[in-house]
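Visitor: Input upload-v4.cif, format and content: mmCIF, C-alpha atoms.
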data_upload
loop_
_atom_site.label_atom_id
_atom_site.label_comp_id
_atom_site.auth_asym_id
_atom_site.auth_seq_id
_atom_site.Cartn_x
_atom_site.Cartn_y
_atom_site.Cartn_z
CA MET A 1364 31.78 -61.04 -2.66
CA PHE A 1365 29.54 -58.80 -4.77
CA PHE A 1366 32.15 -58.60 -7.53
CA ILE A 1367 32.46 -62.39 -7.61
CA VAL A 1368 28.69 -62.70 -8.11
CA VAL A 1369 28.75 -60.03 -10.84
CA ALA A 1370 31.67 -61.64 -12.69
CA LEU A 1371 30.20 -65.14 -12.37
CA SER A 1372 26.75 -64.07 -13.56
CA PHE A 1373 28.29 -62.20 -16.51
CA PHE A 1374 30.31 -65.27 -17.57
CA LEU A 1375 27.37 -67.66 -17.10
CA GLY A 1376 25.05 -65.23 -18.92
CA ILE A 1377 27.28 -65.17 -22.00
CA LEU A 1378 27.60 -68.98 -22.01
CA SER A 1379 23.87 -69.33 -21.54
CA LEU A 1380 23.11 -67.02 -24.48
CA PHE A 1381 25.17 -69.20 -26.82
CA ALA A 1382 23.49 -72.37 -25.50
CA GLU A 1383 20.04 -70.78 -25.91
CA LYS A 1384 20.77 -69.86 -29.53
CA GLN A 1385 21.69 -73.47 -30.33
CA HIS A 1386 18.70 -74.80 -28.41
CA LEU A 1387 16.25 -72.50 -30.22
CA SER A 1388 17.53 -73.54 -33.64
CA ARG A 1389 17.25 -77.23 -32.64
CA ASN A 1390 13.68 -76.63 -31.43
CA ALA A 1391 12.71 -75.01 -34.73
CA GLN A 1392 14.30 -77.87 -36.66
CA THR A 1393 12.55 -80.52 -34.53
CA ILE A 1394 9.14 -78.84 -34.89
CA THR A 1395 9.57 -78.52 -38.66
CA GLN A 1396 10.65 -82.16 -39.02
CA HIS A 1397 7.74 -83.41 -36.92
CA ALA A 1398 5.30 -81.27 -38.94
CA GLN A 1399 6.67 -82.72 -42.17
CA SER A 1400 6.28 -86.28 -40.89
CA LEU A 1401 2.70 -85.50 -39.79
CA ARG A 1402 1.99 -83.98 -43.19
CA ASN A 1403 3.03 -87.24 -44.83
CA THR A 1404 0.89 -89.42 -42.54
CA CYS A 1405 -2.31 -87.35 -42.21
CA ASN A 1406 -5.13 -87.62 -44.73
CA THR A 1407 -6.85 -84.26 -44.26
CA ALA A 1408 -5.87 -80.73 -43.32
CA ASN A 1409 -8.07 -80.87 -40.19
CA GLU A 1410 -6.39 -84.04 -38.99
CA TYR A 1411 -2.99 -82.44 -39.67
CA GLU A 1412 -3.87 -79.36 -37.60
CA GLN A 1413 -5.29 -81.45 -34.74
CA GLN A 1414 -2.17 -83.62 -34.57
CA LEU A 1415 0.05 -80.53 -34.69
CA ARG A 1416 -1.98 -78.84 -31.96
CA ILE A 1417 -1.66 -81.91 -29.70
CA PHE A 1418 2.10 -82.10 -30.31
CA LEU A 1419 2.70 -78.38 -29.75
CA GLU A 1420 0.50 -78.07 -26.67
CA GLY A 1421 2.42 -80.96 -25.12
CA ASN A 1422 5.58 -78.89 -25.62
CA ALA A 1423 4.13 -75.58 -24.34
CA PHE A 1424 3.72 -74.04 -27.80
CA ALA A 1425 0.53 -72.69 -29.35
CA LEU A 1426 -0.57 -73.18 -32.94
CA THR A 1427 -1.53 -69.87 -34.54
CA GLN A 1428 -2.48 -68.65 -37.99
CA SER A 1429 -0.41 -65.78 -39.42
CA GLU A 1430 -0.10 -64.12 -42.82
CA GLN A 1431 2.49 -66.71 -43.90
CA GLY A 1432 0.43 -69.69 -42.70
CA LEU A 1433 0.56 -71.85 -39.60
CA CYS A 1434 3.08 -70.95 -36.88
CA ALA A 1435 4.18 -72.46 -33.59
CA GLU A 1436 4.25 -69.66 -31.05
CA ARG A 1437 5.78 -69.36 -27.59
CA LYS A 1438 7.02 -66.61 -25.33
CA ILE A 1439 10.54 -67.67 -24.29
CA PHE A 1440 12.26 -66.44 -21.13
CA SER A 1441 16.02 -66.00 -21.56
CA PRO A 1442 18.07 -67.02 -18.52
CA GLY A 1443 21.17 -65.64 -20.28
CA LEU A 1444 19.71 -62.13 -20.46
CA PHE A 1445 18.49 -62.46 -16.88
CA LEU A 1446 22.02 -63.37 -15.71
CA LEU A 1447 23.45 -60.45 -17.67
CA GLY A 1448 20.87 -58.26 -15.92
CA ILE A 1449 22.19 -59.51 -12.58
CA ALA A 1450 25.72 -58.69 -13.77
CA CYS A 1451 24.57 -55.12 -14.51
CA GLY A 1452 23.01 -54.92 -11.08
CA ILE A 1453 19.80 -56.29 -9.67
CA LEU A 1454 17.98 -53.45 -11.41
CA GLY A 1455 18.92 -54.93 -14.81
CA ALA A 1456 17.38 -58.29 -13.88
CA LEU A 1457 14.23 -56.56 -12.65
CA LEU A 1458 13.97 -54.58 -15.88
CA TYR A 1459 14.32 -57.77 -17.94
CA VAL A 1460 11.55 -59.48 -15.97
CA LEU A 1461 9.28 -56.47 -16.50
CA TYR A 1462 10.13 -56.42 -20.21
CA PHE A 1463 9.39 -60.14 -20.52
CA SER A 1464 6.12 -59.85 -18.62
CA PHE A 1465 4.65 -56.89 -20.49
CA PHE A 1466 6.45 -56.13 -23.76
CA ALA A 1467 8.12 -59.27 -25.13
CA LYS A 1468 6.52 -60.80 -28.19
CA ALA A 1469 6.13 -64.52 -28.70
CA ARG A 1470 8.67 -66.26 -30.91
CA GLN A 1471 7.09 -67.75 -34.05
CA ILE A 1472 8.31 -70.82 -35.91
CA PRO A 1473 6.76 -71.31 -39.37
CA ILE A 1474 5.18 -74.70 -40.02
CA PRO A 1475 4.90 -76.24 -43.49
CA PRO A 1476 1.32 -76.16 -44.82
CA PHE A 1477 -0.69 -79.28 -45.45
CA GLU A 1478 -0.67 -80.35 -49.07
CA SER A 1479 -2.54 -83.35 -50.27
CA THR A 1480 0.02 -85.97 -51.22
CA GLN A 1481 -2.50 -88.15 -52.99
CA ARG A 1482 -1.85 -88.09 -56.72
CA THR A 1483 -4.24 -89.02 -59.47
CA LEU A 1484 -3.35 -91.20 -62.43
CA ASP A 1485 -3.17 -88.10 -64.64
CA ASP A 1486 -0.36 -86.68 -62.49
CA CYS A 1487 1.76 -89.81 -62.80
CA THR A 1488 4.06 -90.15 -65.72
CA LEU A 1489 5.18 -93.55 -66.83
#
Would you kindly transcribe this structure into structure tokens?

Guide:
Amino acid sequence: MFFIVVALSFFLGILSLFAEKQHLSRNAQTITQHAQSLRNTCNTANEYEQQLRIFLEGNAFALTQSEQGLCAERKIFSPGLFLLGIACGILGALLYVLYFSFFAKARQIPIPPFESTQRTLDDCTL
């Protein structure tokens, strides 16, 4: 019975890792697209940041400032790595939970900066 659980958790862990990779890239793409649409509709940088903060907090992300600019930040638990930890023995799963709790860094998704889209007559060429 133990070997069935180990084999099943190993197989499900590998499948879950591939699904997580696709899901994370879709999340980054969705956040970037929403930020670009907000950038086009907002009038000021403060309004842009407030709307982004509301959107990200509703999706369990935090809006932070980094060297590159604004970032969406979230600490993401990986069920795939947890299942692989179970496949390596219960000790592996326990070690992953401890790593996630104390040492894992939050994943950052860069957000496009606010740029004023209002153009003056001098900028327009006819």

Visitor: Using 12 Å as the limit and counting only C-alpha atoms, can you tabulate each residue of segment 1372-1433 of chain A that touches segment 1449-1471 of chain A, with its shortest atom-to-atom distance in Å and the two atoms involved, as a tab-separated table?

Guide:
residue	atom	partner	partner_atom	distance
A:Ser1372	CA	A:Ala1450	CA	5.5
A:Phe1373	CA	A:Ala1450	CA	5.1
A:Phe1374	CA	A:Ala1450	CA	8.9
A:Leu1375	CA	A:Ala1450	CA	9.7
A:Gly1376	CA	A:Ala1450	CA	8.4
A:Ile1377	CA	A:Ala1450	CA	10.6
A:Leu1387	CA	A:Arg1470	CA	9.8
A:Ser1388	CA	A:Arg1470	CA	11.8
A:Asn1390	CA	A:Gln1471	CA	11.4
A:Ala1391	CA	A:Gln1471	CA	9.2
A:Ile1394	CA	A:Gln1471	CA	11.3
A:Thr1395	CA	A:Gln1471	CA	12.0
A:Phe1424	CA	A:Gln1471	CA	9.5
A:Ala1425	CA	A:Gln1471	CA	9.5
A:Leu1426	CA	A:Gln1471	CA	9.5
A:Thr1427	CA	A:Gln1471	CA	8.9
A:Gln1428	CA	A:Gln1471	CA	10.4
A:Ser1429	CA	A:Gln1471	CA	9.4
A:Glu1430	CA	A:Gln1471	CA	11.9
A:Gln1431	CA	A:Gln1471	CA	10.9
A:Gly1432	CA	A:Gln1471	CA	11.1
A:Leu1433	CA	A:Gln1471	CA	9.5

Visitor: Expressed in Å to a single decimal, how great is the separation between atom CA of Ala1423 of chain A and atom CA of His1386 of chain A?

Guide: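 We find that atom CA of Ala1423 of chain A and atom CA of His1386 of chain A lie 15.1 Å from each other.
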
Visitor: With only C-alpha atoms as the counted atoms, please give the residues lying no more than 12 Å from Asn1403 of chain A, apart from itself and same-chain residues fewer than 4 positions off, as number ranges by chain.

Guide: A: 1396-1399, 1407-1408, 1410-1411, 1475-1481

Visitor: To one decimal place in Å, what is the distance between atom CA of Gln1414 of chain A and atom CA of Phe1440 of chain A?

Guide: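 A separation of 26.2 Å between them.
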
Visitor: Atom CA of Leu1446 of chain A and atom CA of Met1364 of chain A, how far apart in Å?

Guide: 16.5 Å

Visitor: Box time for segment 1452-1471 of chain A: axis-aligned, enclosing all its listed atoms, 8 Å extra on each side; report centre and edge lengths in Å to one decimal, as AutoDock Vina command-line options.

Guide:
--center_x 13.8 --center_y -60.6 --center_z -21.9 --size_x 34.4 --size_y 30.3 --size_z 40.4

Visitor: Between A:Gly1448, A:Ala1382, A:Arg1416, A:Thr1404, single out the one closest to Glu1436 of chain A, counting all atoms listed in the file.

Guide: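 Selected residue with least distance to Glu1436 of chain A: A:Arg1416.
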
Visitor: Point out the residue among A:Leu1415, A:Arg1437, A:Val1369, A:Ile1472 with the least atom-to-atom distance to Arg1389 of chain A, counting all atoms listed in the file.

Guide: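 Looking only at the distances to Arg1389 of chain A, the closest residue turns out to be A:Ile1472.
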
Visitor: From the list A:Glu1420, A:Ile1474, A:Asn1406, A:Glu1412, which residue is nearest Cys1434 of chain A when using all atoms listed in the file?

Guide: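 Nearest candidate to Cys1434 of chain A out of A:Glu1420, A:Ile1474, A:Asn1406, A:Glu1412: A:Ile1474.
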
Visitor: Nearest residue to Phe1381 of chain A out of A:Leu1444, A:Val1368, A:Ala1435, A:Ile1417, using all atoms listed in the file?

Guide: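 Nearest candidate to Phe1381 of chain A out of A:Leu1444, A:Val1368, A:Ala1435, A:Ile1417: A:Leu1444.
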